[in-house]
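Inspection log for the structure reproduced underneath, given as structure tokens.
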Amino acid sequence: MDTRTVIFTGHGDAHTDPWHDLPATSAALAGVLGGGTSVTAVGDLEAALDGAVLLVVNATSYRLEPVPDDDAFAAVVAAFLAGGGGLLAMHSATVAFPGQPAWRALVGAAWEHGRTFHPPHGPSKIKRTGHAHPVAGALGDFEVVDERYTDLDLVEGITPLFTHDEGGASHPLVWAREVGGGRVVYDALGHDTRSYAEPAHAALLRRAAAWLRTAD
């Protein structure tokens with residue numbers, strides 16, 4: 001097991017929803033990334049990150065209000081980044097920890113209920129932007145069966161690497177940034193295991209992990 005990578009998988013009423021099979025997608029992520037230590041309890045995260053260089057967050061929520069765990073989680077992740085760690089936040093991580101401004105600031109966006117949405121799950125065209133970055137490298141446009149998050153509540157200064165078109169506008173899907181002494185990649189794709197089986201998406205994730213693992 002790769003102890004330098006920790007995969008936090010949403011678990012329990014506070015960190016899951018009816019639409020995402022998080023254990024399955026975390027297993028798919030581990031396969032793409034080459035393994036990882038699995039954590040499901042917020043209280044176990046800090047200890048699991050001792051000696052780790054990459055934290056993958058694959059979580060969500062089915063609630064509108066924060067719970068005490070949310071503040072604790074954001075504080076642990078902020079400390080990990082301050083120490084030079086790398087954070088890969090996947091898909092519904094922008095739905096997780098609602099009303100937690102520190103988490104939104106770290107990831108770069110949050111799902112805003114009443115505004116954010118996604119078109120029906122299905123074949124999706126993902127477009128590479130012209131922004132040069134090691135995470136994107138020479139990767140180009142690709143297609144994947146997935147959800148495309150649209151109209152996320154973005155922080156200022158997001159420069160997308162990949163986007164999708166919806167409603168006559170282009171919407172960021174993947175970005176990479178340096179935050180609080182560490183590195184962060186958000187990838188809005190990854191609804192189910194079909195997304196991780198797509199070779200182009202898997203290649204993108206491996207490039208993201210390589211960049212994040214060199215944050216320190």
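Just so we're on the same page: first chain in the structure tokens is A, next is B, and so on; residues restart at 1 for each chain, and ligands are numbered from 1 in the order they show up.
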
Exercise: A:Gly140 partners within 12 Å, only C-alpha atoms, chain neighbours under 5 positions left out, as a PyMOL selection string: chain A and resi 125-132+135+161-163+200-201+203-204

Requested write-out: N, CA and C atoms of the selected residues, as a PDB file, in the first residue's frame:
```
ATOM      1  N   LYS A 125     -18.014  16.077 -23.994  1.00  0.00           N
ATOM      2  CA  LYS A 125     -16.818  16.585 -24.671  1.00  0.00           C
ATOM      3  C   LYS A 125     -16.083  17.520 -23.713  1.00  0.00           C
ATOM      4  N   ILE A 126     -14.833  17.191 -23.413  1.00  0.00           N
ATOM      5  CA  ILE A 126     -14.012  17.974 -22.501  1.00  0.00           C
ATOM      6  C   ILE A 126     -12.955  18.704 -23.316  1.00  0.00           C
ATOM      7  N   LYS A 127     -12.868  20.004 -23.146  1.00  0.00           N
ATOM      8  CA  LYS A 127     -12.003  20.822 -23.980  1.00  0.00           C
ATOM      9  C   LYS A 127     -10.759  21.279 -23.224  1.00  0.00           C
ATOM     10  N   ARG A 128      -9.621  21.128 -23.850  1.00  0.00           N
ATOM     11  CA  ARG A 128      -8.348  21.621 -23.322  1.00  0.00           C
ATOM     12  C   ARG A 128      -8.233  23.108 -23.618  1.00  0.00           C
ATOM     13  N   THR A 129      -7.888  23.904 -22.598  1.00  0.00           N
ATOM     14  CA  THR A 129      -7.669  25.333 -22.817  1.00  0.00           C
ATOM     15  C   THR A 129      -6.246  25.557 -23.309  1.00  0.00           C
ATOM     16  N   GLY A 130      -5.915  26.794 -23.604  1.00  0.00           N
ATOM     17  CA  GLY A 130      -4.573  27.114 -24.077  1.00  0.00           C
ATOM     18  C   GLY A 130      -3.576  27.377 -22.967  1.00  0.00           C
ATOM     19  N   HIS A 131      -3.989  27.218 -21.701  1.00  0.00           N
ATOM     20  CA  HIS A 131      -3.093  27.512 -20.583  1.00  0.00           C
ATOM     21  C   HIS A 131      -2.078  26.379 -20.421  1.00  0.00           C
ATOM     22  N   ALA A 132      -0.802  26.730 -20.487  1.00  0.00           N
ATOM     23  CA  ALA A 132       0.268  25.739 -20.348  1.00  0.00           C
ATOM     24  C   ALA A 132       0.482  25.410 -18.872  1.00  0.00           C
ATOM     25  N   VAL A 135       0.309  19.777 -15.410  1.00  0.00           N
ATOM     26  CA  VAL A 135      -0.802  18.836 -15.223  1.00  0.00           C
ATOM     27  C   VAL A 135      -1.456  18.491 -16.558  1.00  0.00           C
ATOM     28  N   LEU A 161      -7.725  24.445 -16.874  1.00  0.00           N
ATOM     29  CA  LEU A 161      -6.960  23.659 -17.843  1.00  0.00           C
ATOM     30  C   LEU A 161      -7.885  22.927 -18.796  1.00  0.00           C
ATOM     31  N   PHE A 162      -9.056  22.553 -18.291  1.00  0.00           N
ATOM     32  CA  PHE A 162     -10.072  21.887 -19.102  1.00  0.00           C
ATOM     33  C   PHE A 162     -11.435  22.504 -18.785  1.00  0.00           C
ATOM     34  N   THR A 163     -12.278  22.590 -19.802  1.00  0.00           N
ATOM     35  CA  THR A 163     -13.594  23.204 -19.664  1.00  0.00           C
ATOM     36  C   THR A 163     -14.630  22.368 -20.408  1.00  0.00           C
ATOM     37  N   ALA A 200      -7.876   8.891 -21.380  1.00  0.00           N
ATOM     38  CA  ALA A 200      -7.448  10.287 -21.343  1.00  0.00           C
ATOM     39  C   ALA A 200      -7.647  10.893 -19.962  1.00  0.00           C
ATOM     40  N   HIS A 201      -8.749  10.532 -19.302  1.00  0.00           N
ATOM     41  CA  HIS A 201      -8.970  11.053 -17.955  1.00  0.00           C
ATOM     42  C   HIS A 201      -7.966  10.442 -16.984  1.00  0.00           C
ATOM     43  N   ALA A 203      -4.971   9.474 -17.693  1.00  0.00           N
ATOM     44  CA  ALA A 203      -3.688  10.128 -17.944  1.00  0.00           C
ATOM     45  C   ALA A 203      -3.630  11.496 -17.270  1.00  0.00           C
ATOM     46  N   LEU A 204      -4.714  12.230 -17.338  1.00  0.00           N
ATOM     47  CA  LEU A 204      -4.786  13.527 -16.671  1.00  0.00           C
ATOM     48  C   LEU A 204      -4.594  13.380 -15.161  1.00  0.00           C
TER      49      LEU A 204
END
```

Non-local contacts of stretch 42-45 of chain A (8 Å; only C-alpha atoms; under 5 positions in same chain excluded) as a list in words: Phe8, Asp69, Ala72, Phe73 and Val76 of chain A

Atomic separation - atom CA of A:Ala14 relative to atom CA of A:Phe117, Å: 20.9 Å

Selected residue of minimal separation from A:Thr9 among A:Thr37, A:Ser124, A:Thr193, A:Thr116, counting only C-alpha atoms: A:Thr37

Please produce, as a Markdown table, a per-residue contact table for stretch 98-140 of chain A versus stretch 49-68 of chain A (criterion: any atom at most 7 Å away, only C-alpha atoms considered), showing the nearest atom pair and its distance in Å to one decimal, sorted by chain then residue number.
```
| residue | atom | partner | partner_atom | distance |
| --- | --- | --- | --- | --- |
| A:Pro98 | CA | A:Pro66 | CA | 5.6 |
| A:Gly99 | CA | A:Pro66 | CA | 5.7 |
| A:Gln100 | CA | A:Pro66 | CA | 6.7 |
```

Preceding selection exported with C-alpha atoms as a CSV table (one decimal), in the first residue's frame:
```
chain,number,residue,atom,x,y,z
A,98,PRO,CA,-21.3,23.1,2.6
A,99,GLY,CA,-21.0,26.5,4.1
A,100,GLN,CA,-17.3,25.9,5.0
```

Polymer residues at most 10 Å from A:Ser92, only C-alpha atoms, same-chain spacing of 5 or more positions, as a ChimeraX atom specification: /A:16-17,20,22,57-61,110-111,149,187-191

Okay, now the selection with C-alpha atoms, as a compact mmCIF listing (two decimals), in the first residue's frame?
```
# COMPACT_ATOMS: atom_id res chain seq x y z
CA THR A 16 -22.18 10.87 1.41
CA ASP A 17 -25.24 11.25 -0.80
CA HIS A 20 -22.29 8.72 -5.69
CA LEU A 22 -17.75 6.69 -3.25
CA VAL A 57 -10.60 13.88 -1.35
CA ASN A 58 -13.49 11.86 -2.78
CA ALA A 59 -16.44 12.96 -0.67
CA THR A 60 -19.80 14.68 -0.93
CA SER A 61 -22.80 15.55 1.24
CA ALA A 110 -18.08 25.24 -4.18
CA TRP A 111 -21.41 23.90 -5.37
CA TYR A 149 -20.55 20.52 -13.19
CA ASP A 187 -11.12 17.78 -11.16
CA ALA A 188 -14.89 18.11 -11.52
CA LEU A 189 -15.09 14.82 -13.42
CA GLY A 190 -15.36 11.40 -11.80
CA HIS A 191 -19.03 10.69 -11.13
```

Backbone DSSP call of alpha helix (DSSP H) for stretch 100-173 of chain A, listed as number ranges by chain: A: 101-107

All strand (DSSP E) positions in stretch 5-207 of chain A, as a count of residues only: 58

Atom CA of A:Val145 to atom CA of A:Gly122, straight-line distance in Å: 4.8 Å

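Distance annotation: of A:Gly10, A:Ala41, A:Ala208, A:Ala47, the residue with the minimal separation from A:Gly137 is A:Ala208; atom set is only C-alpha atoms.
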
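When atom CA of A:Gly181 is paired with atom CA of A:Leu152, their separation reads 24.5 Å.
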
For stretch 196-199 of chain A: contacts at 8 Å, only C-alpha atoms, fewer than 3 positions along chain excluded, given as number ranges by chain: A: 25, 28-29, 32, 144, 190, 192-193, 202-203

Export, as a PDB file, in the first residue's frame, the selected residues with C-alpha atoms.
```
ATOM      1  CA  THR A  25     -14.790   5.512  -7.263  1.00  0.00           C
ATOM      2  CA  ALA A  28     -10.919   3.211  -9.173  1.00  0.00           C
ATOM      3  CA  LEU A  29      -8.835   6.235  -8.181  1.00  0.00           C
ATOM      4  CA  VAL A  32      -5.255   4.885 -11.524  1.00  0.00           C
ATOM      5  CA  VAL A 144     -15.818  10.740 -21.323  1.00  0.00           C
ATOM      6  CA  GLY A 190     -15.363  11.395 -11.799  1.00  0.00           C
ATOM      7  CA  ASP A 192     -18.650   6.927 -11.485  1.00  0.00           C
ATOM      8  CA  THR A 193     -16.064   4.312 -12.413  1.00  0.00           C
ATOM      9  CA  ALA A 202      -6.694   8.512 -16.263  1.00  0.00           C
ATOM     10  CA  ALA A 203      -3.688  10.128 -17.944  1.00  0.00           C
TER      11      ALA A 203
END
```

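Within 7 Å of stretch 166-176 of chain A there are Thr150, Asp151, Thr159, Pro160, Leu161, Val184, Val185, Tyr186, Asp187 and Ala188 of chain A, counting only C-alpha atoms and ignoring same-chain residues fewer than 5 positions away.
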
With N, CA and C atoms kept, could you save the residues just selected as a short mmCIF file (atom, residue, chain, number, x, y, z; two decimals), in the first residue's frame?
```cif
data_model
loop_
_atom_site.label_atom_id
_atom_site.label_comp_id
_atom_site.auth_asym_id
_atom_site.auth_seq_id
_atom_site.Cartn_x
_atom_site.Cartn_y
_atom_site.Cartn_z
N THR A 150 -21.55 22.66 -13.66
CA THR A 150 -21.76 23.91 -14.38
C THR A 150 -22.14 25.02 -13.40
N ASP A 151 -21.55 26.19 -13.58
CA ASP A 151 -21.82 27.36 -12.74
C ASP A 151 -21.46 27.11 -11.28
N THR A 159 -7.75 29.64 -13.21
CA THR A 159 -7.37 29.50 -14.62
C THR A 159 -7.57 28.05 -15.03
N PRO A 160 -8.62 27.75 -15.75
CA PRO A 160 -8.93 26.35 -16.05
C PRO A 160 -7.96 25.74 -17.06
N LEU A 161 -7.72 24.44 -16.87
CA LEU A 161 -6.96 23.66 -17.84
C LEU A 161 -7.89 22.93 -18.80
N VAL A 184 -2.77 22.38 -5.26
CA VAL A 184 -4.14 21.87 -5.31
C VAL A 184 -4.54 21.66 -6.76
N VAL A 185 -5.16 20.53 -7.04
CA VAL A 185 -5.83 20.29 -8.33
C VAL A 185 -7.27 19.92 -8.02
N TYR A 186 -8.19 20.57 -8.69
CA TYR A 186 -9.60 20.17 -8.63
C TYR A 186 -9.99 19.60 -9.98
N ASP A 187 -10.63 18.45 -9.96
CA ASP A 187 -11.12 17.78 -11.16
C ASP A 187 -12.61 17.51 -10.95
N ALA A 188 -13.44 18.23 -11.69
CA ALA A 188 -14.89 18.11 -11.52
C ALA A 188 -15.45 16.84 -12.13
#
```

Residue among A:His164, A:Arg4, A:His113, A:Arg183 lying closest to A:Ala89, counting only C-alpha atoms: A:Arg183
